[in-house]
>>> print(open('model_27.cif').read())   # mmCIF, C-alpha atoms and all ligand atoms; chains and numbers go by the auth columns
data_protein
#
loop_
_atom_site.group_PDB
_atom_site.id
_atom_site.type_symbol
_atom_site.label_atom_id
_atom_site.label_comp_id
_atom_site.label_asym_id
_atom_site.label_seq_id
_atom_site.Cartn_x
_atom_site.Cartn_y
_atom_site.Cartn_z
_atom_site.B_iso_or_equiv
_atom_site.auth_seq_id
_atom_site.auth_asym_id
ATOM 1 C CA MET A 1 28.756 10.299 -11.526 0.00 319 G
ATOM 2 C CA SER A 2 27.349 8.840 -14.701 0.00 320 G
ATOM 3 C CA ARG A 3 24.568 10.791 -16.307 0.00 321 G
ATOM 4 C CA VAL A 4 22.871 7.573 -17.380 0.00 322 G
ATOM 5 C CA TYR A 5 21.709 4.808 -15.075 0.00 323 G
ATOM 6 C CA THR A 6 19.297 1.890 -14.930 0.00 324 G
ATOM 7 C CA THR A 7 16.709 1.263 -12.262 0.00 325 G
ATOM 8 C CA ASP A 8 13.799 -1.026 -11.637 0.00 326 G
ATOM 9 C CA ALA A 9 10.586 0.757 -10.742 0.00 327 G
ATOM 10 C CA ILE A 10 6.905 0.372 -10.080 0.00 328 G
ATOM 11 C CA VAL A 11 4.886 2.992 -11.935 0.00 329 G
ATOM 12 C CA LEU A 12 2.609 4.667 -9.384 0.00 330 G
ATOM 13 C CA ARG A 13 1.051 7.382 -11.489 0.00 331 G
ATOM 14 C CA ARG A 14 1.333 9.134 -14.785 0.00 332 G
ATOM 15 C CA GLY A 15 0.136 12.431 -16.209 0.00 333 G
ATOM 16 C CA ARG A 16 0.701 14.483 -19.353 0.00 334 G
ATOM 17 C CA PHE A 17 3.901 16.397 -19.864 0.00 335 G
ATOM 18 C CA GLY A 18 3.826 18.823 -22.750 0.00 336 G
ATOM 19 C CA GLU A 19 2.217 17.736 -25.982 0.00 337 G
ATOM 20 C CA HIS A 20 3.608 14.216 -26.348 0.00 338 G
ATOM 21 C CA GLY A 21 5.327 13.445 -23.054 0.00 339 G
ATOM 22 C CA VAL A 22 4.343 12.002 -19.699 0.00 340 G
ATOM 23 C CA LEU A 23 5.226 12.882 -16.126 0.00 341 G
ATOM 24 C CA LEU A 24 5.718 9.724 -14.093 0.00 342 G
ATOM 25 C CA THR A 25 5.728 9.025 -10.397 0.00 343 G
ATOM 26 C CA LEU A 26 7.852 5.933 -9.838 0.00 344 G
ATOM 27 C CA TYR A 27 8.741 3.864 -6.813 0.00 345 G
ATOM 28 C CA THR A 28 12.305 2.563 -7.000 0.00 346 G
ATOM 29 C CA PRO A 29 14.387 0.269 -4.777 0.00 347 G
ATOM 30 C CA GLU A 30 17.295 2.704 -4.328 0.00 348 G
ATOM 31 C CA ASP A 31 15.670 6.138 -4.288 0.00 349 G
ATOM 32 C CA GLY A 32 12.123 5.496 -3.118 0.00 350 G
ATOM 33 C CA LYS A 33 9.578 7.756 -4.804 0.00 351 G
ATOM 34 C CA VAL A 34 10.931 9.575 -7.843 0.00 352 G
ATOM 35 C CA SER A 35 9.369 11.830 -10.463 0.00 353 G
ATOM 36 C CA ALA A 36 10.599 11.488 -14.036 0.00 354 G
ATOM 37 C CA ILE A 37 9.548 12.489 -17.496 0.00 355 G
ATOM 38 C CA ALA A 38 9.385 10.489 -20.703 0.00 356 G
ATOM 39 C CA LYS A 39 9.277 12.329 -23.984 0.00 357 G
ATOM 40 C CA GLY A 40 7.339 11.488 -27.097 0.00 358 G
ATOM 41 C CA VAL A 41 5.290 8.729 -25.472 0.00 359 G
ATOM 42 C CA HIS A 42 2.147 9.863 -27.259 0.00 360 G
ATOM 43 C CA ARG A 43 3.779 9.856 -30.687 0.00 361 G
ATOM 44 C CA PRO A 44 2.599 6.904 -32.814 0.00 362 G
ATOM 45 C CA ALA A 45 6.070 5.391 -33.262 0.00 363 G
ATOM 46 C CA SER A 46 7.163 5.702 -29.622 0.00 364 G
ATOM 47 C CA LYS A 47 8.972 2.650 -28.277 0.00 365 G
ATOM 48 C CA LEU A 48 8.024 3.733 -24.767 0.00 366 G
ATOM 49 C CA ALA A 49 4.259 3.616 -25.304 0.00 367 G
ATOM 50 C CA GLY A 50 2.655 0.823 -23.318 0.00 368 G
ATOM 51 C CA HIS A 51 5.759 0.377 -21.151 0.00 369 G
ATOM 52 C CA LEU A 52 5.055 3.237 -18.770 0.00 370 G
ATOM 53 C CA GLU A 53 1.535 2.559 -17.531 0.00 371 G
ATOM 54 C CA PRO A 54 0.618 2.679 -13.838 0.00 372 G
ATOM 55 C CA LEU A 55 0.785 -0.675 -12.000 0.00 373 G
ATOM 56 C CA LEU A 56 3.607 -1.997 -14.204 0.00 374 G
ATOM 57 C CA HIS A 57 6.910 -3.283 -12.845 0.00 375 G
ATOM 58 C CA VAL A 58 9.535 -2.001 -15.252 0.00 376 G
ATOM 59 C CA ARG A 59 13.254 -1.668 -15.838 0.00 377 G
ATOM 60 C CA LEU A 60 14.262 1.780 -17.022 0.00 378 G
ATOM 61 C CA LEU A 61 17.238 3.435 -18.581 0.00 379 G
ATOM 62 C CA MET A 62 17.328 6.950 -17.195 0.00 380 G
ATOM 63 C CA ALA A 63 19.283 10.102 -17.975 0.00 381 G
ATOM 64 C CA LYS A 64 19.946 12.621 -15.215 0.00 382 G
ATOM 65 C CA GLY A 65 18.175 15.849 -15.999 0.00 383 G
ATOM 66 C CA ARG A 66 18.595 19.335 -14.599 0.00 384 G
ATOM 67 C CA ASN A 67 15.350 19.079 -12.673 0.00 385 G
ATOM 68 C CA LEU A 68 13.693 15.804 -13.531 0.00 386 G
ATOM 69 C CA ASP A 69 15.384 12.633 -14.757 0.00 387 G
ATOM 70 C CA VAL A 70 14.328 11.418 -18.180 0.00 388 G
ATOM 71 C CA VAL A 71 13.286 7.881 -19.109 0.00 389 G
ATOM 72 C CA THR A 72 15.059 6.926 -22.333 0.00 390 G
ATOM 73 C CA GLN A 73 14.265 3.201 -22.509 0.00 391 G
ATOM 74 C CA ALA A 74 11.705 1.026 -20.759 0.00 392 G
ATOM 75 C CA GLN A 75 11.224 -2.691 -20.510 0.00 393 G
ATOM 76 C CA VAL A 76 8.295 -4.378 -18.762 0.00 394 G
ATOM 77 C CA ILE A 77 9.335 -6.926 -16.123 0.00 395 G
ATOM 78 C CA HIS A 78 5.818 -7.775 -14.901 0.00 396 G
ATOM 79 C CA ALA A 79 2.679 -6.779 -16.775 0.00 397 G
ATOM 80 C CA TYR A 80 0.317 -8.419 -14.234 0.00 398 G
ATOM 81 C CA GLY A 81 -2.191 -9.770 -16.730 0.00 399 G
ATOM 82 C CA VAL A 82 -4.316 -11.634 -14.161 0.00 400 G
ATOM 83 C CA LEU A 83 -4.550 -8.544 -11.982 0.00 401 G
ATOM 84 C CA ARG A 84 -5.524 -6.332 -14.917 0.00 402 G
ATOM 85 C CA ASP A 85 -8.265 -8.734 -16.031 0.00 403 G
ATOM 86 C CA ASP A 86 -10.014 -8.502 -12.666 0.00 404 G
ATOM 87 C CA LEU A 87 -11.612 -5.220 -11.678 0.00 405 G
ATOM 88 C CA TYR A 88 -11.428 -5.886 -7.946 0.00 406 G
ATOM 89 C CA ARG A 89 -7.754 -6.899 -8.069 0.00 407 G
ATOM 90 C CA THR A 90 -7.024 -3.821 -10.158 0.00 408 G
ATOM 91 C CA ALA A 91 -8.852 -1.591 -7.663 0.00 409 G
ATOM 92 C CA ALA A 92 -6.873 -3.163 -4.806 0.00 410 G
ATOM 93 C CA ALA A 93 -3.620 -2.414 -6.655 0.00 411 G
ATOM 94 C CA TRP A 94 -4.683 1.205 -7.277 0.00 412 G
ATOM 95 C CA TYR A 95 -5.449 1.600 -3.584 0.00 413 G
ATOM 96 C CA ALA A 96 -2.028 0.241 -2.541 0.00 414 G
ATOM 97 C CA VAL A 97 -0.195 2.351 -5.096 0.00 415 G
ATOM 98 C CA GLU A 98 -2.056 5.478 -4.012 0.00 416 G
ATOM 99 C CA LEU A 99 -1.208 4.868 -0.354 0.00 417 G
ATOM 100 C CA VAL A 100 2.488 4.457 -1.163 0.00 418 G
ATOM 101 C CA ASP A 101 2.410 7.565 -3.341 0.00 419 G
ATOM 102 C CA ARG A 102 0.728 9.715 -0.721 0.00 420 G
ATOM 103 C CA MET A 103 2.476 8.463 2.372 0.00 421 G
ATOM 104 C CA SER A 104 6.085 8.301 1.177 0.00 422 G
ATOM 105 C CA GLU A 105 8.562 11.160 0.810 0.00 423 G
ATOM 106 C CA SER A 106 10.364 11.806 -2.475 0.00 424 G
ATOM 107 C CA ARG A 107 13.919 10.503 -2.856 0.00 425 G
ATOM 108 C CA GLN A 108 13.904 8.621 0.409 0.00 426 G
ATOM 109 C CA GLU A 109 15.073 5.039 0.086 0.00 427 G
ATOM 110 C CA ASN A 110 12.735 2.534 1.706 0.00 428 G
ATOM 111 C CA ARG A 111 13.603 -0.887 0.380 0.00 429 G
ATOM 112 C CA LEU A 112 11.103 -2.599 2.660 0.00 430 G
ATOM 113 C CA LEU A 113 8.309 -0.497 1.208 0.00 431 G
ATOM 114 C CA TYR A 114 9.432 -1.222 -2.357 0.00 432 G
ATOM 115 C CA ASP A 115 9.520 -4.952 -1.665 0.00 433 G
ATOM 116 C CA LEU A 116 6.148 -4.736 0.085 0.00 434 G
ATOM 117 C CA LEU A 117 4.454 -3.076 -2.877 0.00 435 G
ATOM 118 C CA LEU A 118 6.124 -5.375 -5.378 0.00 436 G
ATOM 119 C CA GLY A 119 5.153 -8.430 -3.333 0.00 437 G
ATOM 120 C CA LEU A 120 1.560 -7.226 -3.176 0.00 438 G
ATOM 121 C CA LEU A 121 1.328 -6.729 -6.939 0.00 439 G
ATOM 122 C CA ASN A 122 2.858 -10.165 -7.522 0.00 440 G
ATOM 123 C CA ARG A 123 0.310 -11.829 -5.230 0.00 441 G
ATOM 124 C CA LEU A 124 -2.635 -9.796 -6.543 0.00 442 G
ATOM 125 C CA ASP A 125 -1.669 -11.278 -9.910 0.00 443 G
ATOM 126 C CA GLY A 126 -2.663 -14.704 -8.567 0.00 444 G
ATOM 127 C CA GLU A 127 -5.460 -16.294 -6.594 0.00 445 G
ATOM 128 C CA THR A 128 -5.041 -15.043 -3.022 0.00 446 G
ATOM 129 C CA SER A 129 -7.960 -12.985 -1.698 0.00 447 G
ATOM 130 C CA PRO A 130 -7.327 -9.278 -2.409 0.00 448 G
ATOM 131 C CA ASP A 131 -8.898 -8.339 0.941 0.00 449 G
ATOM 132 C CA LEU A 132 -6.542 -10.555 2.850 0.00 450 G
ATOM 133 C CA LEU A 133 -3.564 -9.226 0.903 0.00 451 G
ATOM 134 C CA LEU A 134 -4.593 -5.649 1.629 0.00 452 G
ATOM 135 C CA ARG A 135 -4.783 -6.299 5.389 0.00 453 G
ATOM 136 C CA PHE A 136 -1.206 -7.606 5.455 0.00 454 G
ATOM 137 C CA PHE A 137 -0.178 -4.752 3.194 0.00 455 G
ATOM 138 C CA GLU A 138 -1.785 -2.037 5.329 0.00 456 G
ATOM 139 C CA MET A 139 -0.281 -3.439 8.513 0.00 457 G
ATOM 140 C CA ARG A 140 3.229 -3.590 7.050 0.00 458 G
ATOM 141 C CA LEU A 141 2.870 -0.214 5.376 0.00 459 G
ATOM 142 C CA LEU A 142 2.173 1.313 8.791 0.00 460 G
ATOM 143 C CA ALA A 143 5.245 -0.432 10.244 0.00 461 G
ATOM 144 C CA TYR A 144 7.573 0.544 7.405 0.00 462 G
ATOM 145 C CA LEU A 145 6.507 4.169 7.671 0.00 463 G
ATOM 146 C CA GLY A 146 7.257 4.146 11.400 0.00 464 G
ATOM 147 C CA TYR A 147 3.706 3.710 12.761 0.00 465 G
ATOM 148 C CA ARG A 148 3.617 0.075 13.823 0.00 466 G
ATOM 149 C CA PRO A 149 0.497 -0.248 16.025 0.00 467 G
ATOM 150 C CA ALA A 150 1.074 -1.613 19.533 0.00 468 G
ATOM 151 C CA LEU A 151 -0.975 -4.826 19.802 0.00 469 G
ATOM 152 C CA TRP A 152 0.493 -6.695 22.745 0.00 470 G
ATOM 153 C CA ARG A 153 1.101 -3.846 25.179 0.00 471 G
ATOM 154 C CA CYS A 154 -0.568 -0.533 25.953 0.00 472 G
ATOM 155 C CA ALA A 155 0.743 2.047 23.487 0.00 473 G
ATOM 156 C CA GLN A 156 1.037 4.612 26.282 0.00 474 G
ATOM 157 C CA CYS A 157 2.270 2.900 29.450 0.00 475 G
ATOM 158 C CA GLY A 158 3.475 -0.480 28.180 0.00 476 G
ATOM 159 C CA ALA A 159 1.206 -2.564 30.419 0.00 477 G
ATOM 160 C CA ALA A 160 0.481 -6.010 28.957 0.00 478 G
ATOM 161 C CA ALA A 161 -2.801 -6.031 26.992 0.00 479 G
ATOM 162 C CA GLU A 162 -5.742 -7.399 28.942 0.00 480 G
ATOM 163 C CA GLY A 163 -7.702 -10.342 27.560 0.00 481 G
ATOM 164 C CA GLY A 164 -11.105 -10.081 25.847 0.00 482 G
ATOM 165 C CA THR A 165 -12.298 -6.816 24.332 0.00 483 G
ATOM 166 C CA ALA A 166 -9.437 -4.489 23.411 0.00 484 G
ATOM 167 C CA LEU A 167 -9.470 -0.706 23.573 0.00 485 G
ATOM 168 C CA PHE A 168 -7.770 0.327 20.366 0.00 486 G
ATOM 169 C CA SER A 169 -6.816 3.839 19.299 0.00 487 G
ATOM 170 C CA PRO A 170 -5.970 4.154 15.581 0.00 488 G
ATOM 171 C CA GLY A 171 -4.582 7.664 16.003 0.00 489 G
ATOM 172 C CA ASN A 172 -2.730 7.063 19.250 0.00 490 G
ATOM 173 C CA GLY A 173 -0.643 4.044 18.404 0.00 491 G
ATOM 174 C CA GLY A 174 -2.754 0.950 19.100 0.00 492 G
ATOM 175 C CA VAL A 175 -4.045 -0.937 22.107 0.00 493 G
ATOM 176 C CA HIS A 176 -4.684 1.013 25.329 0.00 494 G
ATOM 177 C CA CYS A 177 -5.109 -0.257 28.867 0.00 495 G
ATOM 178 C CA SER A 178 -8.258 0.851 30.694 0.00 496 G
ATOM 179 C CA GLU A 179 -6.327 3.541 32.583 0.00 497 G
ATOM 180 C CA CYS A 180 -4.800 5.136 29.494 0.00 498 G
ATOM 181 C CA ALA A 181 -7.824 4.753 27.197 0.00 499 G
ATOM 182 C CA PRO A 182 -9.691 7.853 28.473 0.00 500 G
ATOM 183 C CA GLY A 183 -6.785 9.982 27.189 0.00 501 G
ATOM 184 C CA ALA A 184 -7.138 8.723 23.612 0.00 502 G
ATOM 185 C CA PRO A 185 -9.630 10.571 21.372 0.00 503 G
ATOM 186 C CA ASP A 186 -10.626 7.727 19.078 0.00 504 G
ATOM 187 C CA ILE A 187 -11.013 4.483 21.005 0.00 505 G
ATOM 188 C CA LEU A 188 -12.532 1.537 19.121 0.00 506 G
ATOM 189 C CA ARG A 189 -13.695 -1.487 21.079 0.00 507 G
ATOM 190 C CA LEU A 190 -12.320 -4.521 19.315 0.00 508 G
ATOM 191 C CA SER A 191 -13.345 -8.100 19.944 0.00 509 G
ATOM 192 C CA GLY A 192 -10.655 -10.535 21.029 0.00 510 G
ATOM 193 C CA GLU A 193 -10.963 -12.125 17.597 0.00 511 G
ATOM 194 C CA ALA A 194 -10.310 -8.854 15.769 0.00 512 G
ATOM 195 C CA LEU A 195 -7.277 -8.134 17.956 0.00 513 G
ATOM 196 C CA GLY A 196 -5.998 -11.644 17.245 0.00 514 G
ATOM 197 C CA LEU A 197 -6.387 -11.003 13.517 0.00 515 G
ATOM 198 C CA LEU A 198 -4.503 -7.713 13.728 0.00 516 G
ATOM 199 C CA ARG A 199 -1.708 -9.539 15.532 0.00 517 G
ATOM 200 C CA PHE A 200 -1.685 -12.164 12.819 0.00 518 G
ATOM 201 C CA PHE A 201 -1.488 -9.499 10.097 0.00 519 G
ATOM 202 C CA GLN A 202 1.434 -7.924 11.933 0.00 520 G
ATOM 203 C CA ALA A 203 3.437 -10.985 12.954 0.00 521 G
ATOM 204 C CA GLY A 204 2.285 -13.695 10.544 0.00 522 G
ATOM 205 C CA HIS A 205 2.488 -14.179 6.814 0.00 523 G
ATOM 206 C CA VAL A 206 -0.214 -14.442 4.186 0.00 524 G
ATOM 207 C CA THR A 207 0.957 -17.971 3.281 0.00 525 G
ATOM 208 C CA GLN A 208 0.049 -19.119 6.823 0.00 526 G
ATOM 209 C CA TRP A 209 -3.554 -18.030 6.400 0.00 527 G
ATOM 210 C CA LYS A 210 -6.379 -20.561 6.642 0.00 528 G
ATOM 211 C CA GLU A 211 -10.027 -19.774 5.919 0.00 529 G
ATOM 212 C CA ASP A 212 -11.177 -21.046 9.302 0.00 530 G
ATOM 213 C CA LEU A 213 -8.919 -18.636 11.194 0.00 531 G
ATOM 214 C CA ALA A 214 -11.573 -15.943 11.247 0.00 532 G
ATOM 215 C CA SER A 215 -15.276 -15.160 11.096 0.00 533 G
ATOM 216 C CA PRO A 216 -16.529 -12.601 8.561 0.00 534 G
ATOM 217 C CA ALA A 217 -17.405 -10.265 11.450 0.00 535 G
ATOM 218 C CA GLY A 218 -13.900 -10.487 12.915 0.00 536 G
ATOM 219 C CA LEU A 219 -12.344 -9.846 9.528 0.00 537 G
ATOM 220 C CA GLN A 220 -14.559 -6.848 8.994 0.00 538 G
ATOM 221 C CA GLU A 221 -13.717 -5.416 12.403 0.00 539 G
ATOM 222 C CA SER A 222 -9.994 -5.806 11.832 0.00 540 G
ATOM 223 C CA ALA A 223 -10.333 -4.246 8.387 0.00 541 G
ATOM 224 C CA THR A 224 -12.165 -1.238 9.837 0.00 542 G
ATOM 225 C CA ALA A 225 -9.483 -0.801 12.516 0.00 543 G
ATOM 226 C CA LEU A 226 -6.647 -0.969 9.996 0.00 544 G
ATOM 227 C CA ARG A 227 -8.339 1.440 7.669 0.00 545 G
ATOM 228 C CA ALA A 228 -8.755 3.850 10.571 0.00 546 G
ATOM 229 C CA CYS A 229 -5.005 3.554 11.314 0.00 547 G
ATOM 230 C CA VAL A 230 -4.176 4.452 7.721 0.00 548 G
ATOM 231 C CA ARG A 231 -6.704 7.280 7.812 0.00 549 G
ATOM 232 C CA ALA A 232 -5.158 8.649 11.023 0.00 550 G
ATOM 233 C CA LEU A 233 -1.923 9.274 9.095 0.00 551 G
ATOM 234 C CA ASP A 234 -3.544 10.826 6.068 0.00 552 G
ATOM 235 C CA GLU A 235 -6.892 12.445 6.686 0.00 553 G
ATOM 236 C CA ARG A 236 -7.975 12.640 3.077 0.00 554 G
ATOM 237 C CA ALA A 237 -9.613 9.392 2.048 0.00 555 G
ATOM 238 C CA PRO A 238 -7.677 7.793 -0.815 0.00 556 G
ATOM 239 C CA ARG A 239 -9.464 8.480 -4.107 0.00 557 G
ATOM 240 C CA SER A 240 -9.138 4.817 -5.037 0.00 558 G
ATOM 241 C CA LEU A 241 -11.067 3.754 -1.940 0.00 559 G
ATOM 242 C CA ALA A 242 -14.420 4.657 -3.508 0.00 560 G
ATOM 243 C CA LEU A 243 -13.684 2.403 -6.472 0.00 561 G
ATOM 244 C CA LEU A 244 -12.428 -0.377 -4.218 0.00 562 G
ATOM 245 C CA ASP A 245 -15.620 -0.297 -2.155 0.00 563 G
ATOM 246 C CA ARG A 246 -17.842 -0.048 -5.208 0.00 564 G
ATOM 247 C CA VAL A 247 -16.418 -3.096 -6.978 0.00 565 G
ATOM 248 C CA ARG A 248 -15.855 -5.254 -3.897 0.00 566 G
ATOM 249 C CA PRO A 249 -17.822 -8.506 -4.096 0.00 567 G
ATOM 250 C CA ALA A 250 -20.815 -8.207 -1.759 0.00 568 G
ATOM 251 C CA ALA A 251 -19.600 -10.910 0.647 0.00 569 G
ATOM 252 C CA MET A 252 -16.559 -8.823 1.513 0.00 570 G
ATOM 253 C CA ALA A 253 -18.143 -5.461 2.351 0.00 571 G
ATOM 254 C CA ILE A 254 -16.230 -3.274 4.808 0.00 572 G
ATOM 255 C CA ASP A 255 -17.806 -0.464 6.810 0.00 573 G
HETATM 256 ZN ZN ZN B . -1.703 2.118 29.623 0.00 1 K
#
>>> encode(input="model_27.cif", output="structure tokens", more="lines below")
Ligand SMILES: [Zn+2]
Amino acid sequence: MSRVYTTDAIVLRRGRFGEHGVLLTLYTPEDGKVSAIAKGVHRPASKLAGHLEPLLHVRLLMAKGRNLDVVTQAQVIHAYGVLRDDLYRTAAAWYAVELVDRMSESRQENRLLYDLLLGLLNRLDGETSPDLLLRFFEMRLLAYLGYRPALWRCAQCGAAAEGGTALFSPGNGGVHCSECAPGAPDILRLSGEALGLLRFFQAGHVTQWKEDLASPAGLQESATALRACVRALDERAPRSLALLDRVRPAAMAID
């Protein structure tokens, strides 16, 4: 096996490594989450400086190391200038990157997750509403990690979901029928509109979205339910969530 290889990657996180180096957490198409080091990045003449920042899509030349692989060359594929110029879009990207970092295992290929994160960054670098993008992202993230919420049938017994208000358990897999609901610890009562939105986020695509599909209240309810699903998998609130909520435009507040 060659000791040198190339890979595309999304930079999730970076910290210091020694005096001049950085320790990177990358998300790659073939190996999922990978840690790597880059040496000399903080030296003035480094060719790597500026190419290994979080939220960049990059192509890397890597050398296999004894413990950690080493980045020897880096080229930026997408710098996401629009995203970086907008604090709310940047906060949304940090939130997504943190979720992928925390909820994925090292060295476990998940091409769907890679494509999901890359697709999100690409769209955040445009005009689509960050909130809308995050709802689709959260719903697919849950699915690609193996926690696709049941929205059409009771998560416990499989009975078809009843109409109107839905009994929804974020920690117990989704919609519950009235007989199974008492056994779930965290039932949320969702309006029919919010359930419809969750179904749309799961089965539809962001390009099919139209403003008149939802009321602000329905959107907020569906956002709260999705956030609770993510939280059920990882009890610590993402650090980036505080920033996201602080810089969110007032019209889009989420409880
Ligand atoms: Zn049931």
>>> residues_near_ligand(input="model_27.cif", ligand="ligand ZN 1 (chain K)", cutoff="10 Å", atoms="only C-alpha atoms and all ligand atoms", output="list in words")
Arg471, Cys472, Ala473, Gln474, Cys475, Gly476, Ala477, Ala478, Ala479, Val493, His494, Cys495, Ser496, Glu497, Cys498, Ala499, Pro500 and Gly501 of chain G
>>> residues_near_point(input="model_27.cif", point="(-1.8, 3.3, -2.1)", cutoff="10 Å", atoms="all atoms listed in the file", output="list in words")
Leu330, Ala410, Ala411, Trp412, Tyr413, Ala414, Val415, Glu416, Leu417, Val418, Asp419, Arg420, Met421, Ser422, Leu435, Phe455, Glu456, Leu459, Pro556, Arg557, Ser558 and Leu559 of chain G
>>> closest_residue(input="model_27.cif", among="G:Leu379, G:Ile328, G:Leu438, G:Val565", to="Val524 in chain G", atoms="only C-alpha atoms")
G:Leu438
>>> resolve_selection(input="model_27.cif", expression="the PyMOL selection byres (((chain G and resi 538) around 12) and not hetatm)", output="ChimeraX atom specification")
/G:449-450,453,508-509,511-513,515-516,532-537,539-545,569-573
>>> closest_residue(input="model_27.cif", among="G:Thr390, G:Ser424, G:Ser364, G:Thr346", to="Leu436 in chain G", atoms="only C-alpha atoms")
G:Thr346
>>> closest_residue(input="model_27.cif", among="G:Gln393, G:Asn385, G:Thr446, G:Ser487", to="Ala550 in chain G", atoms="only C-alpha atoms")
G:Ser487
>>> closest_residue(input="model_27.cif", among="G:Leu374, G:Leu485, G:Ala356, G:Arg361", to="Asp326 in chain G", atoms="all atoms listed in the file")
G:Leu374
>>> residues_around(input="model_27.cif", residues="range 333-342 of chain G", least_positions_apart="6", cutoff="10 Å", atoms="only C-alpha atoms", output="JSON, numbers by chain")
{"G": [352, 353, 354, 355, 356, 357, 358, 359, 360, 361, 362, 364, 370, 371, 372, 386, 388, 389]}
>>> atom_distance(input="model_27.cif", atom1="CA of Arg507 in chain G", atom2="CA of Gln526 in chain G")
26.5 Å
>>> build_atoms(input="model_27.cif", residues="range 415-426 of chain G", atoms="N, CA and C atoms", output="tab-separated table (two decimals), keeping the file's coordinate frame")
chain	number	residue	atom	x	y	z
G	415	VAL	N	-1.10	1.42	-4.42
G	415	VAL	CA	-0.20	2.35	-5.10
G	415	VAL	C	-0.46	3.79	-4.64
G	416	GLU	N	-1.73	4.12	-4.46
G	416	GLU	CA	-2.06	5.48	-4.01
G	416	GLU	C	-1.56	5.71	-2.58
G	417	LEU	N	-1.70	4.70	-1.73
G	417	LEU	CA	-1.21	4.87	-0.35
G	417	LEU	C	0.30	5.09	-0.34
G	418	VAL	N	1.03	4.30	-1.12
G	418	VAL	CA	2.49	4.46	-1.16
G	418	VAL	C	2.84	5.84	-1.71
G	419	ASP	N	2.15	6.26	-2.74
G	419	ASP	CA	2.41	7.56	-3.34
G	419	ASP	C	2.19	8.68	-2.32
G	420	ARG	N	1.08	8.61	-1.62
G	420	ARG	CA	0.73	9.72	-0.72
G	420	ARG	C	1.49	9.71	0.58
G	421	MET	N	1.90	8.53	1.04
G	421	MET	CA	2.48	8.46	2.37
G	421	MET	C	4.00	8.40	2.37
G	422	SER	N	4.62	8.35	1.21
G	422	SER	CA	6.08	8.30	1.18
G	422	SER	C	6.65	9.65	0.72
G	423	GLU	N	7.87	9.93	1.19
G	423	GLU	CA	8.56	11.16	0.81
G	423	GLU	C	9.39	10.90	-0.45
G	424	SER	N	9.56	11.95	-1.26
G	424	SER	CA	10.36	11.81	-2.48
G	424	SER	C	11.82	11.55	-2.13
G	425	ARG	N	12.47	10.73	-2.96
G	425	ARG	CA	13.92	10.50	-2.86
G	425	ARG	C	14.34	10.04	-1.48
G	426	GLN	N	13.53	9.18	-0.89
G	426	GLN	CA	13.90	8.62	0.41
G	426	GLN	C	13.85	7.11	0.28
